[in-house]
Amino acid sequence: MEFRGKVVNVNNKGYPRVYWPEHPVSNSGGQAMVHRIIAYEKYGSEIFSNDVHHVDGNKLNWKPENLELLSHKDHANLHLHPNAATVIRQCEECKKELSLRSQKRYNSEKVFCSIKCSSKHKEKINWPSNDELREKLAKSNYVQVGKELGVSDNAIRKRLRNNAM
Ligand SMILES: [Zn+2]
Ligand SMILES: [Zn+2]
């Protein structure tokens, strides 16, 4: 088996990997798990603080559509309750359908199929300054202002935290 011209070896947990020491997902021995390489291309550095789940349960299937990024909590939950309902939502940017089993299916937060779509979307938001934002919030509330800007109420909280002036 080969992946991008490199020989694939399967580790003792059943995960295929290649020797690729320069890759950001490689371990100290220079081995990079193939599904993590693909997930990194799909989700970026988000994968370092989350789990990558194989949708069909087959560790050898590293197709991008078979890999899903889940928080540790969502991932553990999913394996505890494998039959929990999935909900179909749309990528906010390209409108592709995504079947979700993570917590995200319950809340109003926007979902994206890939890091490309989420960064494209972020560029489009026309953020007011923090002062203006606080003024708007004082007059109404997070949910209302979020609707106006096309973002979630949590996105506003994050914005005020990360963009503190
Ligand atoms: Zn999993
Ligand atoms: Zn998309």
# chains A, B, ... in the order shown; residues from 1 in each chain; ligands from 1
>>> select_by_dssp(residues="segment 10-156 of chain A", states="strand (DSSP E)", output="list in words")
Val10, Pro16, Arg17, Val18, Tyr19, Gln31, Ala32, Met33, Asp51, Val52, His53, His54, Leu67, Glu68, Leu69, Leu70, Val87, Ile88, Arg89, Gln90, Glu97, Leu98, Ser99 and Leu100 of chain A
>>> residues_around(residues="segment 19-21 of chain A", least_positions_apart="5", cutoff="8 Å", atoms="only C-alpha atoms", output="VMD selection string")
chain A and resid 6 to 7 26 to 32
>>> residues_around(residues="Ile38 of chain A", least_positions_apart="4", cutoff="10 Å", atoms="only C-alpha atoms", output="number ranges by chain")
A: 25, 33-34, 42-44, 62-65, 67
>>> write_last_selection(atoms="C-alpha atoms", output="PDB file, in the first residue's frame")
ATOM      1  CA  VAL A  25       1.153  15.554  12.501  1.00  0.00           C
ATOM      2  CA  MET A  33      -0.877   8.644  10.631  1.00  0.00           C
ATOM      3  CA  VAL A  34      -2.501   8.884   7.214  1.00  0.00           C
ATOM      4  CA  LYS A  42      -9.407  19.274   5.927  1.00  0.00           C
ATOM      5  CA  TYR A  43      -9.548  20.964   9.342  1.00  0.00           C
ATOM      6  CA  GLY A  44      -6.117  22.538   9.918  1.00  0.00           C
ATOM      7  CA  TRP A  62      -8.817   7.703   5.100  1.00  0.00           C
ATOM      8  CA  LYS A  63     -11.093   9.390   2.547  1.00  0.00           C
ATOM      9  CA  PRO A  64     -11.782  12.972   3.685  1.00  0.00           C
ATOM     10  CA  GLU A  65     -15.537  12.358   3.804  1.00  0.00           C
ATOM     11  CA  LEU A  67     -13.168  11.697   8.739  1.00  0.00           C
TER      12      LEU A  67
END
>>> closest_atom_pairs(of="chain A", to="ligand 2", cutoff="9 Å", atoms="only C-alpha atoms and all ligand atoms", output="JSON lines")
{"residue": "A:Gln90", "atom": "CA", "partner": "ligand 2", "partner_atom_place_in_ligand_line": "1 (Zn)", "distance": 8.0}
{"residue": "A:Cys91", "atom": "CA", "partner": "ligand 2", "partner_atom_place_in_ligand_line": "1 (Zn)", "distance": 4.7}
{"residue": "A:Glu92", "atom": "CA", "partner": "ligand 2", "partner_atom_place_in_ligand_line": "1 (Zn)", "distance": 6.6}
{"residue": "A:Glu93", "atom": "CA", "partner": "ligand 2", "partner_atom_place_in_ligand_line": "1 (Zn)", "distance": 5.0}
{"residue": "A:Cys94", "atom": "CA", "partner": "ligand 2", "partner_atom_place_in_ligand_line": "1 (Zn)", "distance": 4.0}
{"residue": "A:Lys95", "atom": "CA", "partner": "ligand 2", "partner_atom_place_in_ligand_line": "1 (Zn)", "distance": 6.1}
{"residue": "A:Lys96", "atom": "CA", "partner": "ligand 2", "partner_atom_place_in_ligand_line": "1 (Zn)", "distance": 5.7}
{"residue": "A:Glu97", "atom": "CA", "partner": "ligand 2", "partner_atom_place_in_ligand_line": "1 (Zn)", "distance": 8.6}
{"residue": "A:Val111", "atom": "CA", "partner": "ligand 2", "partner_atom_place_in_ligand_line": "1 (Zn)", "distance": 8.6}
{"residue": "A:Phe112", "atom": "CA", "partner": "ligand 2", "partner_atom_place_in_ligand_line": "1 (Zn)", "distance": 5.3}
{"residue": "A:Cys113", "atom": "CA", "partner": "ligand 2", "partner_atom_place_in_ligand_line": "1 (Zn)", "distance": 4.3}
{"residue": "A:Ser114", "atom": "CA", "partner": "ligand 2", "partner_atom_place_in_ligand_line": "1 (Zn)", "distance": 5.8}
{"residue": "A:Ile115", "atom": "CA", "partner": "ligand 2", "partner_atom_place_in_ligand_line": "1 (Zn)", "distance": 8.3}
{"residue": "A:Lys116", "atom": "CA", "partner": "ligand 2", "partner_atom_place_in_ligand_line": "1 (Zn)", "distance": 7.4}
{"residue": "A:Cys117", "atom": "CA", "partner": "ligand 2", "partner_atom_place_in_ligand_line": "1 (Zn)", "distance": 4.7}
{"residue": "A:Ser118", "atom": "CA", "partner": "ligand 2", "partner_atom_place_in_ligand_line": "1 (Zn)", "distance": 7.5}
>>> write_last_selection(atoms="N, CA, C and O atoms", output="PDB file, in the first residue's frame")
ATOM      1  N   GLN A  90     -26.399  21.982   6.917  1.00  0.00           N
ATOM      2  CA  GLN A  90     -25.689  22.427   5.720  1.00  0.00           C
ATOM      3  C   GLN A  90     -24.457  23.231   6.077  1.00  0.00           C
ATOM      4  O   GLN A  90     -24.487  24.033   7.001  1.00  0.00           O
ATOM      5  N   CYS A  91     -23.416  23.046   5.301  1.00  0.00           N
ATOM      6  CA  CYS A  91     -22.245  23.917   5.418  1.00  0.00           C
ATOM      7  C   CYS A  91     -22.713  25.333   5.121  1.00  0.00           C
ATOM      8  O   CYS A  91     -23.382  25.580   4.119  1.00  0.00           O
ATOM      9  N   GLU A  92     -22.374  26.234   6.030  1.00  0.00           N
ATOM     10  CA  GLU A  92     -22.848  27.608   5.915  1.00  0.00           C
ATOM     11  C   GLU A  92     -22.373  28.264   4.611  1.00  0.00           C
ATOM     12  O   GLU A  92     -23.039  29.118   4.069  1.00  0.00           O
ATOM     13  N   GLU A  93     -21.248  27.825   4.132  1.00  0.00           N
ATOM     14  CA  GLU A  93     -20.642  28.492   2.981  1.00  0.00           C
ATOM     15  C   GLU A  93     -21.027  27.838   1.655  1.00  0.00           C
ATOM     16  O   GLU A  93     -21.577  28.474   0.784  1.00  0.00           O
ATOM     17  N   CYS A  94     -20.746  26.547   1.491  1.00  0.00           N
ATOM     18  CA  CYS A  94     -20.973  25.923   0.182  1.00  0.00           C
ATOM     19  C   CYS A  94     -22.287  25.143   0.135  1.00  0.00           C
ATOM     20  O   CYS A  94     -22.648  24.591  -0.893  1.00  0.00           O
ATOM     21  N   LYS A  95     -23.000  25.096   1.274  1.00  0.00           N
ATOM     22  CA  LYS A  95     -24.321  24.459   1.358  1.00  0.00           C
ATOM     23  C   LYS A  95     -24.286  22.937   1.181  1.00  0.00           C
ATOM     24  O   LYS A  95     -25.306  22.307   0.960  1.00  0.00           O
ATOM     25  N   LYS A  96     -23.100  22.365   1.263  1.00  0.00           N
ATOM     26  CA  LYS A  96     -22.995  20.911   1.199  1.00  0.00           C
ATOM     27  C   LYS A  96     -23.667  20.312   2.436  1.00  0.00           C
ATOM     28  O   LYS A  96     -23.598  20.884   3.512  1.00  0.00           O
ATOM     29  N   GLU A  97     -24.321  19.158   2.267  1.00  0.00           N
ATOM     30  CA  GLU A  97     -24.997  18.535   3.408  1.00  0.00           C
ATOM     31  C   GLU A  97     -24.011  17.763   4.273  1.00  0.00           C
ATOM     32  O   GLU A  97     -23.175  17.020   3.777  1.00  0.00           O
ATOM     33  N   VAL A 111     -22.158  25.521  10.993  1.00  0.00           N
ATOM     34  CA  VAL A 111     -21.240  24.417  10.749  1.00  0.00           C
ATOM     35  C   VAL A 111     -20.637  24.547   9.347  1.00  0.00           C
ATOM     36  O   VAL A 111     -21.261  25.094   8.445  1.00  0.00           O
ATOM     37  N   PHE A 112     -19.429  24.038   9.214  1.00  0.00           N
ATOM     38  CA  PHE A 112     -18.710  24.123   7.952  1.00  0.00           C
ATOM     39  C   PHE A 112     -18.141  22.768   7.592  1.00  0.00           C
ATOM     40  O   PHE A 112     -17.777  21.992   8.463  1.00  0.00           O
ATOM     41  N   CYS A 113     -18.033  22.512   6.283  1.00  0.00           N
ATOM     42  CA  CYS A 113     -17.530  21.209   5.852  1.00  0.00           C
ATOM     43  C   CYS A 113     -16.021  21.162   5.928  1.00  0.00           C
ATOM     44  O   CYS A 113     -15.428  20.095   5.984  1.00  0.00           O
ATOM     45  N   SER A 114     -15.358  22.309   5.910  1.00  0.00           N
ATOM     46  CA  SER A 114     -13.897  22.322   5.842  1.00  0.00           C
ATOM     47  C   SER A 114     -13.370  23.649   6.365  1.00  0.00           C
ATOM     48  O   SER A 114     -14.117  24.615   6.526  1.00  0.00           O
ATOM     49  N   ILE A 115     -12.077  23.674   6.602  1.00  0.00           N
ATOM     50  CA  ILE A 115     -11.447  24.897   7.095  1.00  0.00           C
ATOM     51  C   ILE A 115     -11.507  25.979   6.026  1.00  0.00           C
ATOM     52  O   ILE A 115     -11.619  27.157   6.321  1.00  0.00           O
ATOM     53  N   LYS A 116     -11.473  25.559   4.766  1.00  0.00           N
ATOM     54  CA  LYS A 116     -11.571  26.505   3.649  1.00  0.00           C
ATOM     55  C   LYS A 116     -12.869  27.287   3.749  1.00  0.00           C
ATOM     56  O   LYS A 116     -12.895  28.497   3.632  1.00  0.00           O
ATOM     57  N   CYS A 117     -13.964  26.548   3.937  1.00  0.00           N
ATOM     58  CA  CYS A 117     -15.270  27.195   3.989  1.00  0.00           C
ATOM     59  C   CYS A 117     -15.386  28.090   5.218  1.00  0.00           C
ATOM     60  O   CYS A 117     -15.945  29.177   5.134  1.00  0.00           O
ATOM     61  N   SER A 118     -14.869  27.658   6.365  1.00  0.00           N
ATOM     62  CA  SER A 118     -15.039  28.476   7.562  1.00  0.00           C
ATOM     63  C   SER A 118     -14.202  29.752   7.453  1.00  0.00           C
ATOM     64  O   SER A 118     -14.638  30.813   7.874  1.00  0.00           O
TER      65      SER A 118
END
>>> residues_near_ligand(ligand="ligand 1", cutoff="9 Å", atoms="only C-alpha atoms and all ligand atoms", output="PDB file with C-alpha atoms, in the first residue's frame")
ATOM      1  CA  ASP A  51     -10.314  13.943  17.988  1.00  0.00           C
ATOM      2  CA  VAL A  52     -10.548  12.627  14.456  1.00  0.00           C
ATOM      3  CA  HIS A  53     -13.313  10.051  14.108  1.00  0.00           C
ATOM      4  CA  HIS A  54     -13.732   7.459  11.325  1.00  0.00           C
ATOM      5  CA  VAL A  55     -17.378   7.703  10.282  1.00  0.00           C
ATOM      6  CA  GLY A  57     -15.457   2.703  11.728  1.00  0.00           C
ATOM      7  CA  GLU A  68     -14.995  13.882  11.196  1.00  0.00           C
ATOM      8  CA  LEU A  70     -15.153  15.906  17.193  1.00  0.00           C
ATOM      9  CA  HIS A  75     -16.226  11.608  20.472  1.00  0.00           C
ATOM     10  CA  ALA A  76     -16.467   9.629  23.692  1.00  0.00           C
ATOM     11  CA  LEU A  78     -20.527   8.913  20.127  1.00  0.00           C
ATOM     12  CA  HIS A  79     -18.753   5.651  20.917  1.00  0.00           C
TER      13      HIS A  79
END
>>> select_by_dssp(residues="segment 24-149 of chain A", states="alpha helix (DSSP H)", output="number ranges by chain")
A: 34-43, 72-80, 115-124, 130-139, 142-149
>>> atom_distance(atom1="atom CA of Asn126 of chain A", atom2="atom CA of Leu149 of chain A")
7.1 Å
>>> closest_residue(among="A:Lys120, A:Gly150, A:His81, A:Arg101", to="Leu69 of chain A", atoms="only C-alpha atoms")
A:Arg101
>>> closest_residue(among="A:Val8, A:Tyr142, A:Ser119, A:Ser71", to="Phe48 of chain A", atoms="only C-alpha atoms")
A:Ser71
>>> atom_distance(atom1="atom CA of Val87 of chain A", atom2="atom CA of Ser49 of chain A")
23.7 Å
>>> atom_distance(atom1="atom CA of Glu123 of chain A", atom2="atom CA of Leu160 of chain A")
17.0 Å
>>> closest_residue(among="A:Leu60, A:Glu135, A:Met1, A:Arg159", to="Lys13 of chain A", atoms="only C-alpha atoms")
A:Leu60
>>> decode(residues="segment 108-122 of chain A", atoms="all heavy atoms", output="PDB file, in the first residue's frame")
ATOM      1  N   SER A 108     -27.253  26.397  17.626  1.00  0.00           N
ATOM      2  CA  SER A 108     -27.479  27.194  16.424  1.00  0.00           C
ATOM      3  C   SER A 108     -26.165  27.604  15.770  1.00  0.00           C
ATOM      4  O   SER A 108     -26.156  28.283  14.770  1.00  0.00           O
ATOM      5  CB  SER A 108     -28.273  28.433  16.793  1.00  0.00           C
ATOM      6  OG  SER A 108     -27.565  29.131  17.801  1.00  0.00           O
ATOM      7  N   GLU A 109     -25.038  27.174  16.371  1.00  0.00           N
ATOM      8  CA  GLU A 109     -23.762  27.541  15.804  1.00  0.00           C
ATOM      9  C   GLU A 109     -23.662  27.071  14.352  1.00  0.00           C
ATOM     10  O   GLU A 109     -24.117  25.992  14.014  1.00  0.00           O
ATOM     11  CB  GLU A 109     -22.646  26.876  16.620  1.00  0.00           C
ATOM     12  CG  GLU A 109     -21.540  27.808  16.993  1.00  0.00           C
ATOM     13  CD  GLU A 109     -20.542  27.120  17.915  1.00  0.00           C
ATOM     14  OE1 GLU A 109     -20.943  26.805  19.056  1.00  0.00           O
ATOM     15  OE2 GLU A 109     -19.425  26.891  17.482  1.00  0.00           O
ATOM     16  N   LYS A 110     -23.030  27.876  13.552  1.00  0.00           N
ATOM     17  CA  LYS A 110     -22.891  27.507  12.147  1.00  0.00           C
ATOM     18  C   LYS A 110     -21.918  26.363  11.991  1.00  0.00           C
ATOM     19  O   LYS A 110     -20.976  26.231  12.753  1.00  0.00           O
ATOM     20  CB  LYS A 110     -22.385  28.714  11.370  1.00  0.00           C
ATOM     21  CG  LYS A 110     -23.455  29.757  11.311  1.00  0.00           C
ATOM     22  CD  LYS A 110     -23.019  30.977  10.585  1.00  0.00           C
ATOM     23  CE  LYS A 110     -24.228  31.892  10.483  1.00  0.00           C
ATOM     24  NZ  LYS A 110     -23.843  33.240  10.130  1.00  0.00           N
ATOM     25  N   VAL A 111     -22.158  25.521  10.993  1.00  0.00           N
ATOM     26  CA  VAL A 111     -21.240  24.417  10.749  1.00  0.00           C
ATOM     27  C   VAL A 111     -20.637  24.547   9.347  1.00  0.00           C
ATOM     28  O   VAL A 111     -21.261  25.094   8.445  1.00  0.00           O
ATOM     29  CB  VAL A 111     -21.934  23.044  10.907  1.00  0.00           C
ATOM     30  CG1 VAL A 111     -22.289  22.808  12.355  1.00  0.00           C
ATOM     31  CG2 VAL A 111     -23.154  22.929  10.027  1.00  0.00           C
ATOM     32  N   PHE A 112     -19.429  24.038   9.214  1.00  0.00           N
ATOM     33  CA  PHE A 112     -18.710  24.123   7.952  1.00  0.00           C
ATOM     34  C   PHE A 112     -18.141  22.768   7.592  1.00  0.00           C
ATOM     35  O   PHE A 112     -17.777  21.992   8.463  1.00  0.00           O
ATOM     36  CB  PHE A 112     -17.571  25.144   8.064  1.00  0.00           C
ATOM     37  CG  PHE A 112     -18.057  26.526   8.362  1.00  0.00           C
ATOM     38  CD1 PHE A 112     -18.064  26.997   9.662  1.00  0.00           C
ATOM     39  CD2 PHE A 112     -18.531  27.339   7.360  1.00  0.00           C
ATOM     40  CE1 PHE A 112     -18.541  28.262   9.955  1.00  0.00           C
ATOM     41  CE2 PHE A 112     -19.011  28.607   7.631  1.00  0.00           C
ATOM     42  CZ  PHE A 112     -19.009  29.068   8.936  1.00  0.00           C
ATOM     43  N   CYS A 113     -18.033  22.512   6.283  1.00  0.00           N
ATOM     44  CA  CYS A 113     -17.530  21.209   5.852  1.00  0.00           C
ATOM     45  C   CYS A 113     -16.021  21.162   5.928  1.00  0.00           C
ATOM     46  O   CYS A 113     -15.428  20.095   5.984  1.00  0.00           O
ATOM     47  CB  CYS A 113     -17.998  20.898   4.434  1.00  0.00           C
ATOM     48  SG  CYS A 113     -17.243  21.949   3.197  1.00  0.00           S
ATOM     49  N   SER A 114     -15.358  22.309   5.910  1.00  0.00           N
ATOM     50  CA  SER A 114     -13.897  22.322   5.842  1.00  0.00           C
ATOM     51  C   SER A 114     -13.370  23.649   6.365  1.00  0.00           C
ATOM     52  O   SER A 114     -14.117  24.615   6.526  1.00  0.00           O
ATOM     53  CB  SER A 114     -13.452  22.156   4.395  1.00  0.00           C
ATOM     54  OG  SER A 114     -13.940  23.258   3.639  1.00  0.00           O
ATOM     55  N   ILE A 115     -12.077  23.674   6.602  1.00  0.00           N
ATOM     56  CA  ILE A 115     -11.447  24.897   7.095  1.00  0.00           C
ATOM     57  C   ILE A 115     -11.507  25.979   6.026  1.00  0.00           C
ATOM     58  O   ILE A 115     -11.619  27.157   6.321  1.00  0.00           O
ATOM     59  CB  ILE A 115     -10.007  24.606   7.552  1.00  0.00           C
ATOM     60  CG1 ILE A 115      -9.428  25.812   8.272  1.00  0.00           C
ATOM     61  CG2 ILE A 115      -9.101  24.228   6.392  1.00  0.00           C
ATOM     62  CD1 ILE A 115      -8.267  25.451   9.163  1.00  0.00           C
ATOM     63  N   LYS A 116     -11.473  25.559   4.766  1.00  0.00           N
ATOM     64  CA  LYS A 116     -11.571  26.505   3.649  1.00  0.00           C
ATOM     65  C   LYS A 116     -12.869  27.287   3.749  1.00  0.00           C
ATOM     66  O   LYS A 116     -12.895  28.497   3.632  1.00  0.00           O
ATOM     67  CB  LYS A 116     -11.563  25.724   2.330  1.00  0.00           C
ATOM     68  CG  LYS A 116     -10.331  25.984   1.485  1.00  0.00           C
ATOM     69  CD  LYS A 116     -10.552  25.396   0.096  1.00  0.00           C
ATOM     70  CE  LYS A 116      -9.234  24.842  -0.435  1.00  0.00           C
ATOM     71  NZ  LYS A 116      -9.439  23.838  -1.460  1.00  0.00           N
ATOM     72  N   CYS A 117     -13.964  26.548   3.937  1.00  0.00           N
ATOM     73  CA  CYS A 117     -15.270  27.195   3.989  1.00  0.00           C
ATOM     74  C   CYS A 117     -15.386  28.090   5.218  1.00  0.00           C
ATOM     75  O   CYS A 117     -15.945  29.177   5.134  1.00  0.00           O
ATOM     76  CB  CYS A 117     -16.378  26.158   3.975  1.00  0.00           C
ATOM     77  SG  CYS A 117     -16.770  25.589   2.316  1.00  0.00           S
ATOM     78  N   SER A 118     -14.869  27.658   6.365  1.00  0.00           N
ATOM     79  CA  SER A 118     -15.039  28.476   7.562  1.00  0.00           C
ATOM     80  C   SER A 118     -14.202  29.752   7.453  1.00  0.00           C
ATOM     81  O   SER A 118     -14.638  30.813   7.874  1.00  0.00           O
ATOM     82  CB  SER A 118     -14.715  27.696   8.828  1.00  0.00           C
ATOM     83  OG  SER A 118     -13.340  27.565   8.998  1.00  0.00           O
ATOM     84  N   SER A 119     -13.005  29.685   6.851  1.00  0.00           N
ATOM     85  CA  SER A 119     -12.230  30.925   6.766  1.00  0.00           C
ATOM     86  C   SER A 119     -12.801  31.852   5.693  1.00  0.00           C
ATOM     87  O   SER A 119     -12.769  33.066   5.836  1.00  0.00           O
ATOM     88  CB  SER A 119     -10.737  30.657   6.557  1.00  0.00           C
ATOM     89  OG  SER A 119     -10.537  29.707   5.578  1.00  0.00           O
ATOM     90  N   LYS A 120     -13.334  31.268   4.626  1.00  0.00           N
ATOM     91  CA  LYS A 120     -14.003  32.077   3.608  1.00  0.00           C
ATOM     92  C   LYS A 120     -15.140  32.854   4.246  1.00  0.00           C
ATOM     93  O   LYS A 120     -15.335  34.030   3.985  1.00  0.00           O
ATOM     94  CB  LYS A 120     -14.583  31.136   2.543  1.00  0.00           C
ATOM     95  CG  LYS A 120     -14.186  31.497   1.112  1.00  0.00           C
ATOM     96  CD  LYS A 120     -15.099  30.736   0.194  1.00  0.00           C
ATOM     97  CE  LYS A 120     -14.381  30.222  -1.040  1.00  0.00           C
ATOM     98  NZ  LYS A 120     -15.221  29.243  -1.755  1.00  0.00           N
ATOM     99  N   HIS A 121     -15.887  32.146   5.092  1.00  0.00           N
ATOM    100  CA  HIS A 121     -17.047  32.744   5.720  1.00  0.00           C
ATOM    101  C   HIS A 121     -16.648  33.874   6.674  1.00  0.00           C
ATOM    102  O   HIS A 121     -17.266  34.919   6.704  1.00  0.00           O
ATOM    103  CB  HIS A 121     -17.826  31.675   6.471  1.00  0.00           C
ATOM    104  CG  HIS A 121     -19.156  32.136   6.949  1.00  0.00           C
ATOM    105  ND1 HIS A 121     -20.226  32.258   6.113  1.00  0.00           N
ATOM    106  CD2 HIS A 121     -19.580  32.529   8.165  1.00  0.00           C
ATOM    107  CE1 HIS A 121     -21.251  32.707   6.796  1.00  0.00           C
ATOM    108  NE2 HIS A 121     -20.896  32.873   8.051  1.00  0.00           N
ATOM    109  N   LYS A 122     -15.577  33.635   7.423  1.00  0.00           N
ATOM    110  CA  LYS A 122     -15.118  34.633   8.396  1.00  0.00           C
ATOM    111  C   LYS A 122     -14.734  35.942   7.713  1.00  0.00           C
ATOM    112  O   LYS A 122     -14.955  37.011   8.249  1.00  0.00           O
ATOM    113  CB  LYS A 122     -13.911  34.094   9.170  1.00  0.00           C
ATOM    114  CG  LYS A 122     -14.309  33.375  10.438  1.00  0.00           C
ATOM    115  CD  LYS A 122     -13.078  32.928  11.212  1.00  0.00           C
ATOM    116  CE  LYS A 122     -13.419  31.737  12.094  1.00  0.00           C
ATOM    117  NZ  LYS A 122     -12.273  30.845  12.289  1.00  0.00           N
TER     118      LYS A 122
END
